[in-house]
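S.K.: Before I ask anything, let me first share the structure, which is written out below as structure tokens.
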Amino acid sequence: MINFRLFFPLLLFSCLLLSSCSADKMSTYKKSKALLDTFVAITVVADSKETAEEAIDNAFDVIEKFGELINFYSDKSELSAVNRNAGIREVKVSPETLDIIEKAVYIAERSGGAFDPTIGPEIQLWDFFNKIRPSDADIRKNLSLVNYKNIIIDKGNSTVFLKKKDMLLDLGGIAKGYAADLAVQALKEKGISAGLVAVAGDIKAFGLKTDKKPWTVGIKNPRQKSSEDEIIAKIHLSGKAISTSGDYERYFMLNGQRFHHLLNPRTGYPAYACQSVSVIADQAVMTDAFSTALFILGPEKGLELAKEMGIDALIIDDKSSVHTTSGLEGILFLERNH
Amino acid sequence: MKETIKNTTLADRLLFLLLISLSVAGIFISRDALSQGSEVVIEVDGKPAYTLPLYEDRLVSVGGSYGDTLIEIKEKKVRVREAHCPNQICVKEGWISKGVIVCLPNKLIIIVGGSKKDEQLGIDAITG
Amino acid sequence: MQLQDKQRIAILSAYAIALHGFESLLPTPIPWLKLGLANIITLVALVLYGFRTALMVTLIRVVLASIFIGTFLGPAFILSTGGGLASVLAMGLTMKAFKSLFGTVGLSLIGALFHNLAQLTLAYYLFIQRIEAILIISPFILLIGSLTGIANGIISDILIKNLLKKDREKIQNVIHS
């Protein structure tokens with residue numbers, strides 16, 4: 001009984017000690033919005049709902065403004081002006097537009113043209129909604145319009161010129177990642193020290209969650225059979241971005257063959273060496289464009305390029321085998337069965 | 001302890017049996033509801049407008065910049081049945097049982113299920 | 001109130017607070033899974049010293065423990081106050097109305113049941129407002145509550161018997177000396 005009496009006050013004392021340390025008022029706030037023709041979700045760690053909402057709404061505004069500049073479908077966008085004037089004259093653009101086009105050309109160069117922002121004329125031939133496969137002649141004809149080297153950037157005058165008439169610059173393969181970077185920058189400027197920006201599947205995470213752990217991103221299984229195997233792997237991210245390109249995103253099946261939206265800029269036809277490629281790097285603009293590039297290149301050349309660029313990749317090839325770079329050790333967790 | 005258990009009254013034991021059987025029955029009854037637990041969240045201009053169960057068939061009309069959008073929930077699937085936006089992408093997406101339908105002109109997002117399960121798996125976002 | 005009563009309430013409250021605090025430190029594998037250890041003290045107080053003492057001990061416990069844990073006036077405080085009060089009221093009424101129909105274990109079960117019912121009701125009206133969520137979680141909470149209620153009831157019964165035995169010995173000692 002003596003021990004019993006001592007035990008409880010001691011317990012109480014330890015409770016007091018422990019509870020005084022756990023006075024953490026930071027919480028997680030999440031908000032989503034339809035932007036850039038897709039679904040943008042921002043999660044932040046903040047001390048109040050007001051701080052969080054203000055920062056998130058500001059980031060949404062930044063994305064929206066950026067989207068207006070580079071919207072492929074809007075006649076008012078700077079990108080449309082560049083495309084309308086293809087083969088005619090150079091067009092003066094704002095610094096943001098110039099910057100993203102420069103980055104697109106840089107990645108096109110580094111990937112040897114596997115990623116090409118001038119793929120537009122080929123993409124336009126395909127109709128993935130109505131399952132229309134273009135004729136081989138049309139594909140061949142438009143191939144001459146696809147070449148990133150025909151993008152002429154004049155940095156001093158801040159102008160962009162497409163050399164050939166009917167060329168189309170389509171920043172769809174890089175804009176979502178670029179927007180995620182912009183949003184993260186905007187959040188940081190508002191004093192947010194941890195958060196996660198997901199522009200569709202282009203995700204950038206920074207800081208740590210309220211439980212002091214990195215953010216966890218699930219990578220979709222390209223050949224999902226049931227609701228149980230939706231995720232093929234989980235990855236822990238902090239201060240890094242991830243993007244995934246997969247042949248299951250926009251596609252149709254015709255005569256047993258899968259026709260998807262990841263076209264090889266050299267041939268104009270879908271690339272078949274991979275089912276899905278995820279790229280992990282510091283910037284989402286890099287992961288967005290390089291996930292496409294690596295997909296086109298296939299597992300061997302893709303991994304080579306990833307190493308050369310100092311970025312990480314998870315490649316699922318056409319036989320559902322998984323290839324990864326060594327940098328993912330310790331942060332990538334494959335689900336069972338893989 | 002044996003003594004204590006022996007000394008319980010008849011009412012004690014009956015009460016215990018009643019509570020246990022009621023709650024076990026409750027678990028089985030609610031499990032049916034749980035398996036259909038997915039929900040449809042409809043957001044307009046970034047704000048949640050409706051949260052509806054996926055297992056109840058219904059039609060919902062949501063106002064937007066281009067008039068009313070008709071959203072249909074049927075057999076645990078959701079689609080945009082009618083919209084007056086110019087590109088009609090949302091209507092073309094057809095039925096979904098999971099994921100997101102976005103109608104940009106109407107600033108409308110329909111999110112189906114998943115979020116609870118993702119939280120269970122400890123996932124903050126999904127790529128791909 | 002006599003001095004002895006006050007002392008008793010103080011000591012019992014201290015035990016209850018310690019148990020309450022200790023429990024708040026235990027990891028909860030299932031959210032809302034609570035052992036309700038502090039209810040042992042409430043029950044002992046109720047059976048040995050009557051309803052007033054039990055009520056006082058419960059009130060002191062929920063207020064002080066929440067201040068120590070740091071949840072005072074927060075959601076957890078509202079829930080534990082509601083649960084604690086409902087439990088002590090239900091047990092007190094049962095004892096008064098049915099006298100010896102229920103033993104300590106039965107009382108403990110009733111206390112646990114009303115504790116949980118009150119918390120679920122409060123959670124619904126104040127925090128969750130989603131009846132599906134409450135309906136889904138209720139049977140689990142009631143099942144766990146019944147099991148911990150039994151365990152706490154048995155512990156309480158043993159405690160009560162030992163305390164009564166001690167009292168008897170004391171009285172005998174007084175007579176002998």
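How things are named: the first chain in the structure tokens is A, the next is B, and so on; residues count from 1 in each chain; ligands count from 1 in the order shown.
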If you run DSSP over the backbone, which residues in stretch 35-212 of chain A end up strand (DSSP E)? Put them as a ChimeraX atom specification.
M.R.: /A:35,38-46,91-92,151-154,159-162,195-199,202-206
S.K.: Name all residues at most 12 Å from A:Ala104 (count only C-alpha atoms; drop same-chain ones fewer than 4 positions away) and give them as a PyMOL selection string.
M.R.: chain A and resi 97-100+108-111+113-119+148-149+151+153+169-175+177-178+285-290+292-293
S.K.: With C-alpha atoms retained, could you export that selection as a short mmCIF file (atom, residue, chain, number, x, y, z; two decimals), in the first residue's frame?
M.R.:
```
data_model
loop_
_atom_site.label_atom_id
_atom_site.label_comp_id
_atom_site.auth_asym_id
_atom_site.auth_seq_id
_atom_site.Cartn_x
_atom_site.Cartn_y
_atom_site.Cartn_z
CA THR A 97 6.15 33.15 -69.89
CA LEU A 98 9.69 33.63 -71.14
CA ASP A 99 11.06 31.74 -68.14
CA ILE A 100 8.84 28.69 -68.55
CA ALA A 108 14.12 19.43 -74.39
CA GLU A 109 17.84 19.91 -75.04
CA ARG A 110 18.95 17.84 -72.06
CA SER A 111 16.57 15.01 -72.95
CA GLY A 113 14.18 15.95 -77.72
CA ALA A 114 12.37 13.20 -75.79
CA PHE A 115 10.45 16.01 -74.13
CA ASP A 116 9.43 18.52 -76.77
CA PRO A 117 7.07 21.46 -76.10
CA THR A 118 6.34 21.77 -79.83
CA ILE A 119 4.55 18.39 -79.87
CA TYR A 148 12.07 22.53 -80.15
CA LYS A 149 15.10 23.96 -81.99
CA ILE A 151 11.72 28.03 -80.89
CA ILE A 153 13.99 33.03 -77.72
CA LEU A 169 3.88 25.45 -78.54
CA ASP A 170 2.07 23.42 -75.86
CA LEU A 171 3.30 23.89 -72.31
CA GLY A 172 0.88 21.28 -70.91
CA GLY A 173 3.78 18.98 -70.10
CA ILE A 174 5.56 21.48 -67.87
CA ALA A 175 3.04 24.15 -66.76
CA GLY A 177 4.95 21.57 -62.34
CA TYR A 178 5.93 25.20 -62.89
CA VAL A 285 9.00 22.04 -63.21
CA MET A 286 11.82 19.50 -63.63
CA THR A 287 9.83 16.49 -62.41
CA ASP A 288 6.87 17.36 -64.64
CA ALA A 289 8.86 17.60 -67.87
CA PHE A 290 11.40 14.86 -67.08
CA THR A 292 7.47 12.71 -69.77
CA ALA A 293 11.00 12.61 -71.18
#
```
S.K.: Please provide the set of residues having any atom within 10 Å of B:Ile111, restricted to only C-alpha atoms, with same-chain residues fewer than 5 positions apart removed, written as a VMD selection string.
M.R.: (chain A and resid 39) or (chain B and resid 39 to 43 51 78 96 to 102)
S.K.: Quick one: of B:Glu72, B:Glu93, B:Asp57, B:Asp12, who's nearest to chain A, counting only C-alpha atoms?
M.R.: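 Of B:Glu72, B:Glu93, B:Asp57, B:Asp12, the one nearest chain A, counting only C-alpha atoms, is B:Glu93.
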S.K.: May I ask for the distance between atom CA of A:Ala271 and atom CA of A:Thr216, given in Å to one decimal place?
M.R.: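 Atom-to-atom, atom CA of A:Ala271 and atom CA of A:Thr216 are spaced 29.4 Å apart.
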S.K.: Quick one: everything within 9 Å of stretch 259-265 of chain A, counting only C-alpha atoms, minus sequence neighbours fewer than 5 positions away in the same chain. Send it as a CSV table (one decimal) with N, CA, C and O atoms, in the first residue's frame.
M.R.:
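Output contents, as saved in out.csv:
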```
chain,number,residue,atom,x,y,z
A,113,GLY,N,15.4,15.8,-77.0
A,113,GLY,CA,14.2,16.0,-77.7
A,113,GLY,C,13.1,14.9,-77.3
A,113,GLY,O,12.0,14.9,-77.9
A,114,ALA,N,13.4,14.1,-76.3
A,114,ALA,CA,12.4,13.2,-75.8
A,114,ALA,C,11.2,14.0,-75.2
A,114,ALA,O,10.0,13.6,-75.3
A,115,PHE,N,11.5,15.1,-74.5
A,115,PHE,CA,10.5,16.0,-74.1
A,115,PHE,C,10.5,17.1,-75.1
A,115,PHE,O,11.6,17.7,-75.4
A,116,ASP,N,9.4,17.4,-75.8
A,116,ASP,CA,9.4,18.5,-76.8
A,116,ASP,C,8.2,19.4,-76.7
A,116,ASP,O,7.1,18.9,-76.9
A,118,THR,N,7.0,21.5,-78.5
A,118,THR,CA,6.3,21.8,-79.8
A,118,THR,C,5.6,20.6,-80.4
A,118,THR,O,5.2,20.5,-81.5
A,119,ILE,N,5.3,19.6,-79.5
A,119,ILE,CA,4.5,18.4,-79.9
A,119,ILE,C,3.1,18.7,-80.2
A,119,ILE,O,2.4,17.8,-80.8
A,122,GLU,N,1.0,17.3,-83.3
A,122,GLU,CA,0.8,15.9,-83.3
A,122,GLU,C,-0.4,15.5,-82.3
A,122,GLU,O,-1.3,14.8,-82.6
A,123,ILE,N,-0.3,16.1,-81.1
A,123,ILE,CA,-1.3,15.9,-80.1
A,123,ILE,C,-2.7,16.2,-80.6
A,123,ILE,O,-3.7,15.5,-80.4
A,126,TRP,N,-4.9,13.6,-82.4
A,126,TRP,CA,-5.5,12.6,-81.6
A,126,TRP,C,-6.7,13.1,-80.9
A,126,TRP,O,-6.7,14.2,-80.4
A,128,PHE,N,-8.7,11.7,-77.8
A,128,PHE,CA,-8.8,10.6,-76.8
A,128,PHE,C,-10.2,10.4,-76.3
A,128,PHE,O,-10.5,9.4,-75.7
A,131,LYS,N,-12.0,8.5,-79.3
A,131,LYS,CA,-11.2,7.3,-79.7
A,131,LYS,C,-10.9,7.4,-81.2
A,131,LYS,O,-11.2,6.5,-82.0
A,133,ARG,N,-8.1,7.7,-84.0
A,133,ARG,CA,-6.6,7.5,-84.3
A,133,ARG,C,-6.4,8.2,-85.6
A,133,ARG,O,-7.1,7.9,-86.6
A,143,LEU,N,4.9,15.8,-88.5
A,143,LEU,CA,6.2,15.6,-87.8
A,143,LEU,C,7.2,16.7,-88.0
A,143,LEU,O,8.0,17.0,-87.2
A,146,VAL,N,7.3,19.5,-85.5
A,146,VAL,CA,7.8,19.2,-84.1
A,146,VAL,C,9.3,19.3,-84.0
A,146,VAL,O,10.0,18.4,-84.5
A,147,ASN,N,9.7,20.4,-83.5
A,147,ASN,CA,11.2,20.5,-83.2
A,147,ASN,C,11.4,21.7,-82.3
A,147,ASN,O,11.2,22.9,-82.7
A,245,SER,N,4.2,10.4,-65.1
A,245,SER,CA,3.5,10.3,-66.4
A,245,SER,C,3.1,8.9,-66.6
A,245,SER,O,4.0,8.0,-66.4
A,246,GLY,N,1.9,8.6,-67.0
A,246,GLY,CA,1.5,7.3,-67.2
A,246,GLY,C,0.6,7.1,-68.4
A,246,GLY,O,0.0,8.1,-68.9
A,247,ASP,N,0.6,5.9,-69.0
A,247,ASP,CA,-0.1,5.6,-70.2
A,247,ASP,C,-1.6,5.4,-69.9
A,247,ASP,O,-2.4,5.1,-70.8
A,248,TYR,N,-2.0,5.5,-68.6
A,248,TYR,CA,-3.4,5.2,-68.2
A,248,TYR,C,-4.2,6.5,-68.0
A,248,TYR,O,-5.3,6.5,-67.7
A,249,GLU,N,-3.5,7.7,-68.2
A,249,GLU,CA,-4.2,8.9,-67.8
A,249,GLU,C,-5.2,9.3,-68.9
A,249,GLU,O,-6.3,9.6,-68.7
A,250,ARG,N,-4.7,9.4,-70.1
A,250,ARG,CA,-5.6,9.8,-71.3
A,250,ARG,C,-5.3,8.7,-72.3
A,250,ARG,O,-4.2,8.7,-72.9
A,251,TYR,N,-6.2,7.9,-72.6
A,251,TYR,CA,-5.9,6.8,-73.6
A,251,TYR,C,-7.2,6.2,-74.1
A,251,TYR,O,-8.3,6.5,-73.5
A,252,PHE,N,-7.1,5.5,-75.2
A,252,PHE,CA,-8.3,4.6,-75.6
A,252,PHE,C,-7.7,3.3,-76.1
A,252,PHE,O,-6.5,3.3,-76.5
A,253,MET,N,-8.6,2.3,-76.1
A,253,MET,CA,-8.1,1.0,-76.6
A,253,MET,C,-8.8,0.8,-78.0
A,253,MET,O,-10.0,1.1,-78.2
A,254,LEU,N,-8.0,0.4,-78.9
A,254,LEU,CA,-8.5,0.1,-80.3
A,254,LEU,C,-7.8,-1.1,-80.8
A,254,LEU,O,-6.6,-1.2,-80.8
A,270,PRO,N,2.4,6.9,-79.8
A,270,PRO,CA,2.7,6.7,-78.4
A,270,PRO,C,3.9,5.9,-78.1
A,270,PRO,O,4.2,5.0,-78.9
A,271,ALA,N,4.6,6.2,-77.0
A,271,ALA,CA,5.8,5.4,-76.6
A,271,ALA,C,5.3,4.2,-75.8
A,271,ALA,O,4.5,4.4,-74.9
A,292,THR,N,7.8,13.0,-68.4
A,292,THR,CA,7.5,12.7,-69.8
A,292,THR,C,8.7,12.2,-70.6
A,292,THR,O,8.6,11.2,-71.3
A,295,PHE,N,9.7,8.7,-69.8
A,295,PHE,CA,8.7,7.8,-70.3
A,295,PHE,C,9.0,7.5,-71.8
A,295,PHE,O,9.0,6.4,-72.2
A,296,ILE,N,9.2,8.5,-72.5
A,296,ILE,CA,9.5,8.4,-74.0
A,296,ILE,C,10.8,7.6,-74.2
A,296,ILE,O,10.9,6.7,-75.0
A,297,LEU,N,11.8,7.9,-73.3
A,297,LEU,CA,13.1,7.2,-73.5
A,297,LEU,C,13.1,5.7,-73.1
A,297,LEU,O,13.9,4.9,-73.6
```
S.K.: Can you tell me, as a ChimeraX atom specification, what residues are no more than 12 Å from B:Lys6 when counting only C-alpha atoms, ignoring any on the same chain fewer than 6 positions away?
M.R.: /B:12-13 /C:103,105,154,157
S.K.: How about saving the chosen residues, all heavy atoms kept, as an mmCIF file, in the first residue's frame?
M.R.:
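Output file result26.cif is given in full below:
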```cif
data_model
loop_
_atom_site.group_PDB
_atom_site.id
_atom_site.type_symbol
_atom_site.label_atom_id
_atom_site.label_comp_id
_atom_site.auth_asym_id
_atom_site.auth_seq_id
_atom_site.Cartn_x
_atom_site.Cartn_y
_atom_site.Cartn_z
ATOM 1 N N ASP B 12 -26.674 -7.854 -13.053
ATOM 2 C CA ASP B 12 -25.353 -7.508 -13.589
ATOM 3 C C ASP B 12 -25.077 -8.302 -14.855
ATOM 4 O O ASP B 12 -24.682 -7.761 -15.893
ATOM 5 C CB ASP B 12 -24.240 -7.850 -12.582
ATOM 6 C CG ASP B 12 -24.219 -6.898 -11.419
ATOM 7 O OD1 ASP B 12 -24.949 -5.896 -11.478
ATOM 8 O OD2 ASP B 12 -23.470 -7.162 -10.463
ATOM 9 N N ARG B 13 -25.291 -9.631 -14.748
ATOM 10 C CA ARG B 13 -24.933 -10.518 -15.862
ATOM 11 C C ARG B 13 -25.841 -10.268 -17.066
ATOM 12 O O ARG B 13 -25.373 -10.220 -18.205
ATOM 13 C CB ARG B 13 -25.037 -11.974 -15.417
ATOM 14 C CG ARG B 13 -24.034 -12.303 -14.336
ATOM 15 C CD ARG B 13 -24.217 -13.677 -13.810
ATOM 16 N NE ARG B 13 -23.401 -13.836 -12.593
ATOM 17 C CZ ARG B 13 -23.170 -14.987 -12.019
ATOM 18 N NH1 ARG B 13 -23.698 -16.093 -12.493
ATOM 19 N NH2 ARG B 13 -22.414 -15.049 -10.938
ATOM 20 N N GLY C 103 -24.941 -5.146 -8.667
ATOM 21 C CA GLY C 103 -23.746 -5.099 -7.830
ATOM 22 C C GLY C 103 -22.785 -4.044 -8.347
ATOM 23 O O GLY C 103 -23.111 -3.265 -9.246
ATOM 24 N N VAL C 105 -20.220 -4.406 -10.221
ATOM 25 C CA VAL C 105 -19.911 -4.607 -11.636
ATOM 26 C C VAL C 105 -21.035 -4.056 -12.511
ATOM 27 O O VAL C 105 -20.800 -3.390 -13.519
ATOM 28 C CB VAL C 105 -19.668 -6.102 -11.916
ATOM 29 C CG1 VAL C 105 -19.468 -6.338 -13.399
ATOM 30 C CG2 VAL C 105 -18.455 -6.587 -11.152
ATOM 31 N N ILE C 154 -14.849 -4.897 -11.694
ATOM 32 C CA ILE C 154 -14.190 -5.936 -10.888
ATOM 33 C C ILE C 154 -13.117 -5.309 -10.006
ATOM 34 O O ILE C 154 -13.032 -5.574 -8.800
ATOM 35 C CB ILE C 154 -13.591 -7.023 -11.810
ATOM 36 C CG1 ILE C 154 -14.738 -7.802 -12.465
ATOM 37 C CG2 ILE C 154 -12.699 -7.955 -11.021
ATOM 38 C CD1 ILE C 154 -14.311 -8.755 -13.550
ATOM 39 N N ASP C 157 -14.744 -3.451 -7.207
ATOM 40 C CA ASP C 157 -15.311 -4.351 -6.211
ATOM 41 C C ASP C 157 -14.231 -4.850 -5.255
ATOM 42 O O ASP C 157 -14.405 -4.861 -4.035
ATOM 43 C CB ASP C 157 -15.972 -5.520 -6.936
ATOM 44 C CG ASP C 157 -16.920 -6.270 -6.015
ATOM 45 O OD1 ASP C 157 -17.835 -5.607 -5.468
ATOM 46 O OD2 ASP C 157 -16.719 -7.475 -5.816
#
```
S.K.: Mind listing as a PyMOL selection string which residues of chain B are within 7 Å of chain A, counting only C-alpha atoms?
M.R.: chain B and resi 45-46+102+104+107-109+122-128
S.K.: Given the selection you just returned, output its residues as a file containing all heavy atoms, formatted as a compact mmCIF listing (two decimals), in the first residue's frame.
M.R.:
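Listed below is the output, part.txt:
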```
# COMPACT_ATOMS: atom_id res chain seq x y z
N ASP B 45 -16.42 27.02 -56.55
CA ASP B 45 -15.49 28.13 -56.32
C ASP B 45 -14.66 27.90 -55.05
O ASP B 45 -14.48 28.80 -54.24
CB ASP B 45 -16.27 29.44 -56.21
CG ASP B 45 -15.38 30.64 -56.56
OD1 ASP B 45 -14.24 30.39 -57.01
OD2 ASP B 45 -15.82 31.77 -56.38
N GLY B 46 -14.17 26.67 -54.90
CA GLY B 46 -13.26 26.38 -53.80
C GLY B 46 -13.93 26.11 -52.48
O GLY B 46 -13.28 25.79 -51.51
N VAL B 102 -13.73 17.84 -62.93
CA VAL B 102 -13.56 19.29 -62.83
C VAL B 102 -14.33 19.96 -63.95
O VAL B 102 -14.23 19.55 -65.11
CB VAL B 102 -12.07 19.66 -62.92
CG1 VAL B 102 -11.91 21.17 -62.85
CG2 VAL B 102 -11.27 19.00 -61.83
N LEU B 104 -14.15 23.54 -65.16
CA LEU B 104 -13.46 24.80 -64.93
C LEU B 104 -14.35 26.02 -65.17
O LEU B 104 -14.39 26.92 -64.34
CB LEU B 104 -12.20 24.85 -65.79
CG LEU B 104 -11.20 25.88 -65.32
CD1 LEU B 104 -10.71 25.53 -63.92
CD2 LEU B 104 -10.04 25.97 -66.27
N LYS B 107 -16.40 26.61 -62.32
CA LYS B 107 -15.64 26.55 -61.07
C LYS B 107 -16.21 25.47 -60.15
O LYS B 107 -16.44 25.67 -58.95
CB LYS B 107 -15.66 27.90 -60.37
CG LYS B 107 -14.89 28.94 -61.15
CD LYS B 107 -14.76 30.22 -60.38
CE LYS B 107 -13.91 31.21 -61.15
NZ LYS B 107 -14.12 32.57 -60.73
N LEU B 108 -16.44 24.33 -60.74
CA LEU B 108 -17.10 23.24 -60.04
C LEU B 108 -16.16 22.04 -59.94
O LEU B 108 -15.52 21.68 -60.92
CB LEU B 108 -18.35 22.86 -60.85
CG LEU B 108 -19.25 21.79 -60.30
CD1 LEU B 108 -20.09 22.36 -59.18
CD2 LEU B 108 -20.15 21.28 -61.40
N ILE B 109 -16.07 21.46 -58.75
CA ILE B 109 -15.27 20.25 -58.58
C ILE B 109 -16.13 19.20 -57.91
O ILE B 109 -16.80 19.49 -56.92
CB ILE B 109 -14.03 20.50 -57.71
CG1 ILE B 109 -13.18 21.62 -58.27
CG2 ILE B 109 -13.18 19.24 -57.58
CD1 ILE B 109 -11.99 21.94 -57.39
N GLY B 122 -2.22 6.88 -44.64
CA GLY B 122 -1.23 7.89 -44.30
C GLY B 122 -0.68 8.62 -45.51
O GLY B 122 0.50 8.96 -45.56
N ILE B 123 -1.54 8.82 -46.51
CA ILE B 123 -1.07 9.47 -47.74
C ILE B 123 -1.60 10.90 -47.79
O ILE B 123 -2.76 11.15 -47.50
CB ILE B 123 -1.54 8.67 -48.96
CG1 ILE B 123 -0.73 7.38 -49.04
CG2 ILE B 123 -1.38 9.47 -50.24
CD1 ILE B 123 -1.18 6.46 -50.13
N ASP B 124 -0.74 11.84 -48.13
CA ASP B 124 -1.13 13.25 -48.18
C ASP B 124 -1.56 13.66 -49.58
O ASP B 124 -2.30 14.63 -49.74
CB ASP B 124 0.03 14.13 -47.71
CG ASP B 124 0.44 13.78 -46.29
OD1 ASP B 124 -0.42 13.82 -45.42
OD2 ASP B 124 1.61 13.44 -46.09
N ALA B 125 -1.07 12.97 -50.60
CA ALA B 125 -1.43 13.30 -51.97
C ALA B 125 -1.10 12.11 -52.85
O ALA B 125 -0.35 11.22 -52.45
CB ALA B 125 -0.67 14.54 -52.46
N ILE B 126 -1.66 12.10 -54.06
CA ILE B 126 -1.39 11.00 -54.98
C ILE B 126 -0.89 11.56 -56.30
O ILE B 126 -1.45 12.53 -56.81
CB ILE B 126 -2.65 10.14 -55.20
CG1 ILE B 126 -2.99 9.40 -53.91
CG2 ILE B 126 -2.45 9.14 -56.33
CD1 ILE B 126 -4.20 8.51 -54.02
N THR B 127 0.16 10.94 -56.83
CA THR B 127 0.70 11.36 -58.11
C THR B 127 0.41 10.30 -59.15
O THR B 127 0.41 9.12 -58.85
CB THR B 127 2.21 11.64 -58.03
OG1 THR B 127 2.70 11.95 -59.34
CG2 THR B 127 2.98 10.46 -57.50
N GLY B 128 0.16 10.76 -60.37
CA GLY B 128 -0.09 9.82 -61.45
C GLY B 128 -1.54 9.79 -61.86
O GLY B 128 -2.37 10.44 -61.29
```
S.K.: What are the residues of chain C lining chain A at 7 Å or less? Count only C-alpha atoms, and put the answer as a ChimeraX atom specification.
M.R.: /C:15,18,21-22,68-70
S.K.: Now that the selection is made, can you save its residues with N, CA and C atoms as a tab-separated table (two decimals), in the first residue's frame?
M.R.:
```tsv
chain	number	residue	atom	x	y	z
C	15	TYR	N	-6.39	10.61	-6.43
C	15	TYR	CA	-6.26	9.33	-7.14
C	15	TYR	C	-6.90	9.40	-8.53
C	18	ALA	N	-4.86	11.39	-10.92
C	18	ALA	CA	-3.67	10.65	-11.35
C	18	ALA	C	-4.04	9.63	-12.41
C	21	GLY	N	-4.97	11.42	-15.66
C	21	GLY	CA	-3.77	11.91	-16.35
C	21	GLY	C	-2.96	10.78	-16.95
C	22	PHE	N	-2.83	9.71	-16.17
C	22	PHE	CA	-2.07	8.54	-16.65
C	22	PHE	C	-2.70	8.02	-17.94
C	68	PHE	N	-4.33	20.10	-15.87
C	68	PHE	CA	-2.98	19.51	-15.89
C	68	PHE	C	-2.62	19.03	-17.30
C	69	ILE	N	-3.56	18.39	-17.96
C	69	ILE	CA	-3.27	17.84	-19.29
C	69	ILE	C	-3.21	18.96	-20.32
C	70	GLY	N	-3.91	20.04	-20.04
C	70	GLY	CA	-3.88	21.16	-20.99
C	70	GLY	C	-5.07	21.18	-21.92
```
S.K.: For chain C against chain B, with a cut-off of 10 Å and counting only C-alpha atoms, what is the closest atom pair and its distance in Å to one decimal for every residue that makes the cut, ordered by chain and number, as a Markdown table?
M.R.:
```
| residue | atom | partner | partner_atom | distance |
| --- | --- | --- | --- | --- |
| C:Ser100 | CA | B:Thr9 | CA | 8.6 |
| C:Leu101 | CA | B:Ala11 | CA | 6.3 |
| C:Phe102 | CA | B:Asp12 | CA | 5.5 |
| C:Gly103 | CA | B:Thr8 | CA | 5.8 |
| C:Thr104 | CA | B:Thr8 | CA | 7.7 |
| C:Val105 | CA | B:Asp12 | CA | 6.5 |
| C:Gly106 | CA | B:Asp12 | CA | 4.3 |
| C:Leu107 | CA | B:Asp12 | CA | 7.9 |
| C:Ser108 | CA | B:Asp12 | CA | 9.4 |
| C:Leu109 | CA | B:Phe16 | CA | 7.2 |
| C:Ile110 | CA | B:Leu15 | CA | 8.4 |
| C:Leu113 | CA | B:Leu19 | CA | 8.5 |
| C:Glu132 | CA | B:Ala33 | CA | 8.2 |
| C:Ala133 | CA | B:Leu34 | CA | 9.0 |
| C:Leu135 | CA | B:Ser30 | CA | 7.0 |
| C:Ile136 | CA | B:Ser30 | CA | 5.2 |
| C:Ile137 | CA | B:Ile27 | CA | 8.3 |
| C:Ser138 | CA | B:Gly26 | CA | 8.0 |
| C:Pro139 | CA | B:Ser23 | CA | 4.5 |
| C:Phe140 | CA | B:Ile27 | CA | 6.5 |
| C:Ile141 | CA | B:Ser23 | CA | 8.3 |
| C:Leu142 | CA | B:Ser23 | CA | 6.0 |
| C:Leu143 | CA | B:Ser23 | CA | 5.3 |
| C:Ile144 | CA | B:Ser23 | CA | 9.0 |
| C:Gly145 | CA | B:Leu19 | CA | 9.4 |
| C:Ser146 | CA | B:Leu19 | CA | 6.7 |
| C:Leu147 | CA | B:Ile20 | CA | 8.3 |
| C:Gly149 | CA | B:Phe16 | CA | 9.3 |
| C:Ile150 | CA | B:Phe16 | CA | 8.0 |
| C:Gly153 | CA | B:Thr4 | CA | 9.2 |
| C:Ile154 | CA | B:Thr4 | CA | 6.4 |
| C:Ile155 | CA | B:Met1 | CA | 8.1 |
| C:Ser156 | CA | B:Thr4 | CA | 9.8 |
| C:Asp157 | CA | B:Thr4 | CA | 6.6 |
| C:Ile158 | CA | B:Met1 | CA | 6.9 |
| C:Lys161 | CA | B:Thr4 | CA | 9.3 |
```
